[in-house]
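Novice: Dropping in query_13.pdb, which is PDB, C-alpha atoms, pLDDT in the B column:
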```pdb
ATOM      1  CA  MET A   1     135.321  84.023  20.107  1.00 43.00           C
ATOM      2  CA  TRP A   2     131.979  82.862  18.806  1.00 45.00           C
ATOM      3  CA  HIS A   3     133.496  79.664  17.425  1.00 45.00           C
ATOM      4  CA  ILE A   4     135.281  78.934  20.667  1.00 46.00           C
ATOM      5  CA  PHE A   5     132.112  79.370  22.700  1.00 46.00           C
ATOM      6  CA  SER A   6     130.056  77.291  20.317  1.00 48.00           C
ATOM      7  CA  LEU A   7     132.450  74.388  20.344  1.00 47.00           C
ATOM      8  CA  ARG A   8     132.641  74.479  24.091  1.00 46.00           C
ATOM      9  CA  GLY A   9     128.871  74.459  24.339  1.00 44.00           C
ATOM     10  CA  ILE A  10     128.602  71.430  22.067  1.00 44.00           C
ATOM     11  CA  PHE A  11     131.363  69.689  23.966  1.00 42.00           C
ATOM     12  CA  HIS A  12     129.618  70.185  27.274  1.00 40.00           C
ATOM     13  CA  THR A  13     126.304  69.060  25.885  1.00 40.00           C
ATOM     14  CA  LEU A  14     127.733  65.907  24.407  1.00 39.00           C
ATOM     15  CA  ARG A  15     129.354  65.069  27.709  1.00 36.00           C
ATOM     16  CA  GLY A  16     125.973  65.405  29.362  1.00 34.00           C
ATOM     17  CA  ARG A  17     127.057  68.184  31.631  1.00 35.00           C
ATOM     18  CA  LEU A  18     124.509  70.714  32.726  1.00 35.00           C
ATOM     19  CA  MET A  19     125.964  74.083  32.096  1.00 38.00           C
ATOM     20  CA  PRO A  20     124.571  76.563  34.598  1.00 47.00           C
ATOM     21  CA  GLU A  21     123.422  78.735  31.746  1.00 60.00           C
ATOM     22  CA  GLN A  22     121.268  75.983  30.291  1.00 79.00           C
ATOM     23  CA  PRO A  23     117.709  77.177  30.611  1.00 88.00           C
ATOM     24  CA  ILE A  24     115.138  75.163  32.434  1.00 92.00           C
ATOM     25  CA  VAL A  25     112.368  74.598  29.956  1.00 93.00           C
ATOM     26  CA  PHE A  26     108.825  74.726  31.252  1.00 95.00           C
ATOM     27  CA  ASP A  27     107.188  72.991  28.346  1.00 94.00           C
ATOM     28  CA  PHE A  28     103.434  73.299  28.634  1.00 95.00           C
ATOM     29  CA  THR A  29     102.949  71.327  25.451  1.00 93.00           C
ATOM     30  CA  LYS A  30     104.818  68.262  26.617  1.00 92.00           C
ATOM     31  CA  LYS A  31     103.790  68.875  30.236  1.00 94.00           C
ATOM     32  CA  GLN A  32     107.402  68.465  31.287  1.00 93.00           C
ATOM     33  CA  VAL A  33     110.170  70.457  32.883  1.00 94.00           C
ATOM     34  CA  TYR A  34     113.668  69.723  31.643  1.00 91.00           C
ATOM     35  CA  ARG A  35     117.020  71.236  30.952  1.00 85.00           C
ATOM     36  CA  ALA A  36     117.459  72.359  27.381  1.00 76.00           C
ATOM     37  CA  SER A  37     120.045  69.624  26.866  1.00 67.00           C
ATOM     38  CA  GLU A  38     117.503  66.995  27.919  1.00 66.00           C
ATOM     39  CA  ASP A  39     114.854  67.982  25.436  1.00 62.00           C
ATOM     40  CA  PRO A  40     112.814  64.901  24.534  1.00 60.00           C
ATOM     41  CA  ASP A  41     113.052  65.983  20.919  1.00 59.00           C
ATOM     42  CA  GLY A  42     116.596  64.722  21.005  1.00 51.00           C
ATOM     43  CA  LEU A  43     120.067  65.773  20.177  1.00 46.00           C
ATOM     44  CA  THR A  44     119.222  68.064  17.304  1.00 47.00           C
ATOM     45  CA  ARG A  45     117.528  70.558  19.532  1.00 52.00           C
ATOM     46  CA  ALA A  46     120.189  70.113  22.236  1.00 47.00           C
ATOM     47  CA  LEU A  47     122.868  71.044  19.757  1.00 47.00           C
ATOM     48  CA  LYS A  48     120.872  74.005  18.585  1.00 50.00           C
ATOM     49  CA  GLU A  49     120.462  75.166  22.144  1.00 48.00           C
ATOM     50  CA  ALA A  50     124.154  74.734  22.839  1.00 47.00           C
ATOM     51  CA  LEU A  51     124.946  76.851  19.830  1.00 46.00           C
ATOM     52  CA  ALA A  52     122.486  79.541  20.781  1.00 47.00           C
ATOM     53  CA  ILE A  53     122.915  79.763  24.500  1.00 44.00           C
ATOM     54  CA  ARG A  54     126.573  80.448  24.968  1.00 44.00           C
ATOM     55  CA  LYS A  55     126.592  83.486  22.772  1.00 44.00           C
ATOM     56  CA  ARG A  56     123.055  84.691  23.230  1.00 47.00           C
ATOM     57  CA  THR A  57     119.783  83.041  23.856  1.00 46.00           C
ATOM     58  CA  ARG A  58     117.222  84.166  21.357  1.00 46.00           C
ATOM     59  CA  LEU A  59     113.787  83.132  20.383  1.00 42.00           C
ATOM     60  CA  THR A  60     114.378  80.565  17.719  1.00 41.00           C
ATOM     61  CA  VAL A  61     111.202  78.541  17.915  1.00 40.00           C
ATOM     62  CA  GLY A  62     107.886  79.796  16.698  1.00 43.00           C
ATOM     63  CA  GLY A  63     106.853  83.159  18.007  1.00 55.00           C
ATOM     64  CA  THR A  64     109.100  86.121  17.691  1.00 62.00           C
ATOM     65  CA  ILE A  65     109.528  89.307  19.613  1.00 61.00           C
ATOM     66  CA  PRO A  66     109.979  92.397  17.460  1.00 62.00           C
ATOM     67  CA  PRO A  67     113.496  93.810  17.473  1.00 64.00           C
ATOM     68  CA  LYS A  68     114.220  96.858  19.501  1.00 63.00           C
ATOM     69  CA  THR A  69     113.819 100.177  17.808  1.00 62.00           C
ATOM     70  CA  THR A  70     116.375 102.906  17.890  1.00 59.00           C
ATOM     71  CA  GLY A  71     115.389 106.449  18.384  1.00 52.00           C
TER      72      GLY A  71
ATOM     73  CA  MET B   1     113.727  80.370  48.623  1.00 94.00           C
ATOM     74  CA  ARG B   2     112.376  83.705  47.568  1.00 95.00           C
ATOM     75  CA  LEU B   3     111.907  85.243  44.175  1.00 96.00           C
ATOM     76  CA  VAL B   4     113.820  88.498  43.937  1.00 96.00           C
ATOM     77  CA  TRP B   5     112.720  89.321  40.411  1.00 96.00           C
ATOM     78  CA  ALA B   6     111.451  87.759  37.229  1.00 97.00           C
ATOM     79  CA  VAL B   7     111.786  89.370  33.834  1.00 95.00           C
ATOM     80  CA  ALA B   8     110.914  88.349  30.302  1.00 93.00           C
ATOM     81  CA  CYS B   9     113.475  89.440  27.724  1.00 90.00           C
ATOM     82  CA  ARG B  10     114.612  89.121  24.134  1.00 85.00           C
ATOM     83  CA  SER B  11     117.928  87.555  24.978  1.00 84.00           C
ATOM     84  CA  TYR B  12     120.463  87.295  27.739  1.00 86.00           C
ATOM     85  CA  GLU B  13     123.999  86.278  28.432  1.00 85.00           C
ATOM     86  CA  LEU B  14     124.946  84.838  31.787  1.00 85.00           C
ATOM     87  CA  GLN B  15     128.270  85.836  33.236  1.00 82.00           C
ATOM     88  CA  ASP B  16     130.612  83.862  35.416  1.00 78.00           C
ATOM     89  CA  ASP B  17     130.070  86.205  38.368  1.00 80.00           C
ATOM     90  CA  ARG B  18     126.387  85.282  38.521  1.00 81.00           C
ATOM     91  CA  THR B  19     125.179  88.399  36.829  1.00 85.00           C
ATOM     92  CA  ALA B  20     123.357  88.525  33.520  1.00 88.00           C
ATOM     93  CA  ASP B  21     123.487  90.898  30.589  1.00 88.00           C
ATOM     94  CA  ILE B  22     119.880  91.247  29.524  1.00 88.00           C
ATOM     95  CA  GLU B  23     118.615  92.625  26.237  1.00 86.00           C
ATOM     96  CA  GLY B  24     115.053  93.726  25.898  1.00 86.00           C
ATOM     97  CA  ALA B  25     114.153  93.317  29.552  1.00 89.00           C
ATOM     98  CA  GLY B  26     110.444  93.659  30.103  1.00 88.00           C
ATOM     99  CA  VAL B  27     109.418  92.753  26.593  1.00 88.00           C
ATOM    100  CA  ASN B  28     105.753  91.863  26.666  1.00 89.00           C
ATOM    101  CA  ARG B  29     104.722  91.151  23.078  1.00 89.00           C
ATOM    102  CA  VAL B  30     105.240  87.984  21.078  1.00 89.00           C
ATOM    103  CA  TRP B  31     104.331  87.890  17.408  1.00 88.00           C
ATOM    104  CA  VAL B  32     103.317  84.735  15.641  1.00 88.00           C
ATOM    105  CA  ASN B  33     102.768  84.247  11.929  1.00 86.00           C
ATOM    106  CA  ARG B  34      99.932  81.796  12.223  1.00 87.00           C
ATOM    107  CA  MET B  35      97.761  80.010  14.724  1.00 88.00           C
ATOM    108  CA  PRO B  36      98.484  77.761  16.402  1.00 90.00           C
ATOM    109  CA  GLU B  37     102.168  78.491  16.763  1.00 89.00           C
ATOM    110  CA  GLU B  38     104.758  77.327  19.251  1.00 89.00           C
ATOM    111  CA  VAL B  39     106.015  80.166  21.409  1.00 91.00           C
ATOM    112  CA  SER B  40     109.249  80.165  23.342  1.00 89.00           C
ATOM    113  CA  LEU B  41     109.689  82.982  25.808  1.00 90.00           C
ATOM    114  CA  PRO B  42     112.956  83.537  27.698  1.00 90.00           C
ATOM    115  CA  LEU B  43     112.460  84.361  31.341  1.00 93.00           C
ATOM    116  CA  LEU B  44     115.154  85.154  33.857  1.00 93.00           C
ATOM    117  CA  LEU B  45     114.579  84.566  37.552  1.00 95.00           C
ATOM    118  CA  ARG B  46     116.764  85.775  40.355  1.00 94.00           C
ATOM    119  CA  LEU B  47     116.206  83.606  43.387  1.00 94.00           C
ATOM    120  CA  GLY B  48     117.588  83.942  46.882  1.00 94.00           C
ATOM    121  CA  PHE B  49     118.336  80.806  48.871  1.00 94.00           C
ATOM    122  CA  LEU B  50     119.137  80.364  52.520  1.00 94.00           C
ATOM    123  CA  GLU B  51     122.154  78.368  53.542  1.00 92.00           C
ATOM    124  CA  ASN B  52     121.337  74.700  54.045  1.00 89.00           C
ATOM    125  CA  GLU B  53     117.904  75.205  52.529  1.00 92.00           C
ATOM    126  CA  PRO B  54     116.654  71.944  51.040  1.00 93.00           C
ATOM    127  CA  PRO B  55     115.585  71.817  47.383  1.00 93.00           C
ATOM    128  CA  THR B  56     112.514  73.968  47.060  1.00 94.00           C
ATOM    129  CA  GLU B  57     109.686  73.926  44.588  1.00 96.00           C
ATOM    130  CA  LEU B  58     109.362  76.470  41.823  1.00 96.00           C
ATOM    131  CA  ARG B  59     105.972  76.256  40.149  1.00 97.00           C
ATOM    132  CA  ILE B  60     104.591  78.143  37.183  1.00 98.00           C
ATOM    133  CA  GLU B  61     100.987  78.329  36.120  1.00 98.00           C
ATOM    134  CA  LEU B  62     100.377  79.568  32.596  1.00 98.00           C
ATOM    135  CA  TYR B  63      97.153  81.249  31.589  1.00 97.00           C
ATOM    136  CA  GLY B  64      95.940  82.419  28.211  1.00 96.00           C
ATOM    137  CA  PRO B  65      93.142  84.715  27.100  1.00 96.00           C
ATOM    138  CA  GLU B  66      90.114  84.733  29.340  1.00 94.00           C
ATOM    139  CA  MET B  67      92.077  82.847  32.004  1.00 93.00           C
ATOM    140  CA  SER B  68      92.224  79.685  29.920  1.00 95.00           C
ATOM    141  CA  SER B  69      94.678  77.420  31.700  1.00 96.00           C
ATOM    142  CA  PHE B  70      97.681  75.735  30.112  1.00 97.00           C
ATOM    143  CA  GLY B  71      98.265  73.899  33.368  1.00 96.00           C
ATOM    144  CA  GLU B  72     101.038  74.114  35.889  1.00 97.00           C
ATOM    145  CA  LEU B  73     104.557  72.743  35.966  1.00 97.00           C
ATOM    146  CA  ALA B  74     107.009  72.515  38.826  1.00 96.00           C
ATOM    147  CA  THR B  75     110.601  71.652  39.528  1.00 94.00           C
ATOM    148  CA  SER B  76     112.901  71.729  42.533  1.00 94.00           C
ATOM    149  CA  LEU B  77     115.758  74.146  42.782  1.00 93.00           C
ATOM    150  CA  GLU B  78     118.496  74.642  45.312  1.00 89.00           C
ATOM    151  CA  GLY B  79     121.122  77.255  45.856  1.00 89.00           C
ATOM    152  CA  GLU B  80     124.811  76.896  46.141  1.00 87.00           C
ATOM    153  CA  PRO B  81     127.331  79.342  47.507  1.00 88.00           C
ATOM    154  CA  GLY B  82     129.030  81.448  44.919  1.00 83.00           C
ATOM    155  CA  PRO B  83     132.499  82.951  44.894  1.00 81.00           C
ATOM    156  CA  GLY B  84     133.013  85.199  47.870  1.00 83.00           C
ATOM    157  CA  HIS B  85     130.131  83.753  49.813  1.00 88.00           C
ATOM    158  CA  ARG B  86     130.239  84.533  53.524  1.00 91.00           C
ATOM    159  CA  PRO B  87     128.483  82.452  56.173  1.00 92.00           C
ATOM    160  CA  GLY B  88     125.018  83.802  56.802  1.00 91.00           C
ATOM    161  CA  ASP B  89     124.701  85.505  53.451  1.00 91.00           C
ATOM    162  CA  GLU B  90     121.776  84.752  51.218  1.00 92.00           C
ATOM    163  CA  MET B  91     122.799  82.798  48.136  1.00 92.00           C
ATOM    164  CA  PRO B  92     121.457  84.590  45.085  1.00 91.00           C
ATOM    165  CA  MET B  93     121.244  82.746  41.803  1.00 91.00           C
ATOM    166  CA  ILE B  94     119.949  83.656  38.375  1.00 91.00           C
ATOM    167  CA  TYR B  95     118.057  80.859  36.682  1.00 92.00           C
ATOM    168  CA  PRO B  96     117.279  81.126  32.987  1.00 92.00           C
ATOM    169  CA  LEU B  97     113.921  79.673  32.108  1.00 94.00           C
ATOM    170  CA  GLU B  98     112.113  79.164  28.873  1.00 92.00           C
ATOM    171  CA  LEU B  99     108.357  78.998  28.626  1.00 94.00           C
ATOM    172  CA  ARG B 100     107.209  76.874  25.715  1.00 93.00           C
ATOM    173  CA  PHE B 101     103.651  76.449  24.665  1.00 94.00           C
ATOM    174  CA  TRP B 102     101.436  76.397  21.635  1.00 94.00           C
ATOM    175  CA  ALA B 103      99.553  79.646  21.372  1.00 93.00           C
ATOM    176  CA  ASN B 104      96.200  79.061  19.773  1.00 92.00           C
ATOM    177  CA  ARG B 105      94.706  82.476  20.386  1.00 93.00           C
ATOM    178  CA  VAL B 106      95.897  86.029  20.356  1.00 94.00           C
ATOM    179  CA  GLY B 107      95.469  87.957  23.544  1.00 95.00           C
ATOM    180  CA  ASN B 108      96.800  88.314  27.046  1.00 96.00           C
ATOM    181  CA  TYR B 109      98.837  85.613  28.719  1.00 96.00           C
ATOM    182  CA  SER B 110     100.318  85.412  32.177  1.00 97.00           C
ATOM    183  CA  ALA B 111     102.841  83.230  33.922  1.00 97.00           C
ATOM    184  CA  GLU B 112     102.080  82.968  37.619  1.00 98.00           C
ATOM    185  CA  ILE B 113     105.213  82.155  39.563  1.00 98.00           C
ATOM    186  CA  TYR B 114     105.116  80.334  42.875  1.00 97.00           C
ATOM    187  CA  ALA B 115     108.245  79.810  44.947  1.00 95.00           C
ATOM    188  CA  ASP B 116     108.260  77.848  48.163  1.00 92.00           C
ATOM    189  CA  GLY B 117     104.487  77.475  47.946  1.00 94.00           C
ATOM    190  CA  ARG B 118     103.797  81.197  47.762  1.00 96.00           C
ATOM    191  CA  HIS B 119     102.682  83.245  44.789  1.00 97.00           C
ATOM    192  CA  GLN B 120     105.501  85.683  44.255  1.00 96.00           C
ATOM    193  CA  ASP B 121     105.141  87.294  40.849  1.00 97.00           C
ATOM    194  CA  SER B 122     103.193  87.447  37.605  1.00 97.00           C
ATOM    195  CA  VAL B 123     104.718  87.975  34.181  1.00 96.00           C
ATOM    196  CA  PHE B 124     102.249  89.295  31.642  1.00 95.00           C
ATOM    197  CA  PHE B 125     102.689  89.245  27.884  1.00 94.00           C
ATOM    198  CA  VAL B 126     100.577  89.525  24.769  1.00 93.00           C
ATOM    199  CA  VAL B 127     100.532  87.169  21.814  1.00 92.00           C
ATOM    200  CA  GLU B 128      99.729  88.963  18.603  1.00 90.00           C
ATOM    201  CA  ALA B 129      99.325  87.942  14.990  1.00 87.00           C
ATOM    202  CA  PRO B 130      99.353  90.038  11.807  1.00 78.00           C
TER     203      PRO B 130
END
```
Just give me the structure as structure tokens.
Specialist:
Amino acid sequence: MWHIFSLRGIFHTLRGRLMPEQPIVFDFTKKQVYRASEDPDGLTRALKEALAIRKRTRLTVGGTIPPKTTG
Amino acid sequence: MRLVWAVACRSYELQDDRTADIEGAGVNRVWVNRMPEEVSLPLLLRLGFLENEPPTELRIELYGPEMSSFGELATSLEGEPGPGHRPGDEMPMIYPLELRFWANRVGNYSAEIYADGRHQDSVFFVVEAP
């Protein structure tokens, strides 16, 4: 299933469609608001987002949040 | 447009029925290995729209330690009726957001969320380093 979702995400991104699950990025570094697929950094990040979003969206850039603990 | 809730999380998965499976809802600590470091924080917003409501502004102000300002950013959002919508019903939508910024100090941060010109919620989190 993961492969199916990933390919679909890439397909949608390449077609320029805005999937509803695409996050709106409030980028305080670039002082811009954009959809993840419209990242000014270009296609590389858009593809990475497409891969990450459909399955799960995780922190993949910079800071990390510690994993949950089980008790 | 009104903000129903806003929650920071580890990850999420949006469903076709306009619900979201959220993991780590309410997480409030971000760890960075060095300073400065780019931070990317997932934030889910559930917004309620009125029928025929024009696009409405969502604005976020980001503050760091000691109320240092990262500025404010805004965009316009509008609702659309979902499956099963009945005339007169509010149109709820979940918008996934991502806050990106370069953290240059450890400490307390807050995202102040304004919808339709009104302050509606604050999301607090802490940036920590080893």
Novice: Taking the file as I've supplied it (selection: the ChimeraX specification (/A :<7) & /B), which residues are included? Please answer as an MDAnalysis selection string.
Specialist: chainID B and resid 10:14 29:32 37:41 70 73 75 96:102
Novice: Written as a list of chain:residue names, what is the full residue list that the PyMOL selection byres ((chain B and resi 28) around 8) yields on the file shown?
Specialist: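 Matching residues under the PyMOL selection byres ((chain B and resi 28) around 8) are B:Ala8, B:Gly26, B:Val27, B:Arg29, B:Val30, B:Phe124, B:Phe125, B:Val126.
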Novice: Report, in Å to a single decimal, how far apart atom CA of Arg59 of chain B and atom CA of Asn108 of chain B are.
Specialist: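 Between atom CA of Asn108 of chain B and atom CA of Arg59 of chain B the gap is 20.0 Å.
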Novice: Mind giving me the straight-line distance from atom CA of Tyr95 of chain B to atom CA of Thr19 of chain B in Å, one decimal?
Specialist: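 Answer for the atom CA of Tyr95 of chain B to atom CA of Thr19 of chain B separation: 10.4 Å.
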Novice: One decimal, in Å: what's the spacing between atom CA of Arg34 of chain B and atom CA of Ile22 of chain B?
Specialist: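 Computed distance, atom CA of Arg34 of chain B to atom CA of Ile22 of chain B, equals 28.0 Å.
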Novice: Which residues fall under the PyMOL selection byres ((chain B and resi 76) around 9) in this file, as a list in words?
Specialist: Pro55, Thr56, Glu57, Leu58, Arg59, Ala74, Thr75, Leu77 and Glu78 of chain B
Novice: So that all listed atoms of segment 84-91 of chain B fit with 5 Å spare on each side, what axis-aligned box centre and edge lengths in Å, to one decimal, would you give as lines of an AutoDock Vina configuration file?
Specialist:
```
center_x = 127.4
center_y = 84.0
center_z = 52.3
size_x = 21.2
size_y = 13.1
size_z = 18.9
```
Novice: For Val4 of chain B, find every residue with an atom within 7 Å (counting all atoms listed in the file), except residues of its own chain fewer than 6 positions away, and show them as a list in words.
Specialist: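 Listing them by chain and then by number gives Arg46, Leu47 and Gly48 of chain B.
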Novice: Could you list, as a PyMOL selection string, every residue within 9 Å of Gly79 of chain B, counting all atoms listed in the file and ignoring same-chain residues fewer than 5 positions away?
Specialist: chain B and resi 1+47-55+91-93
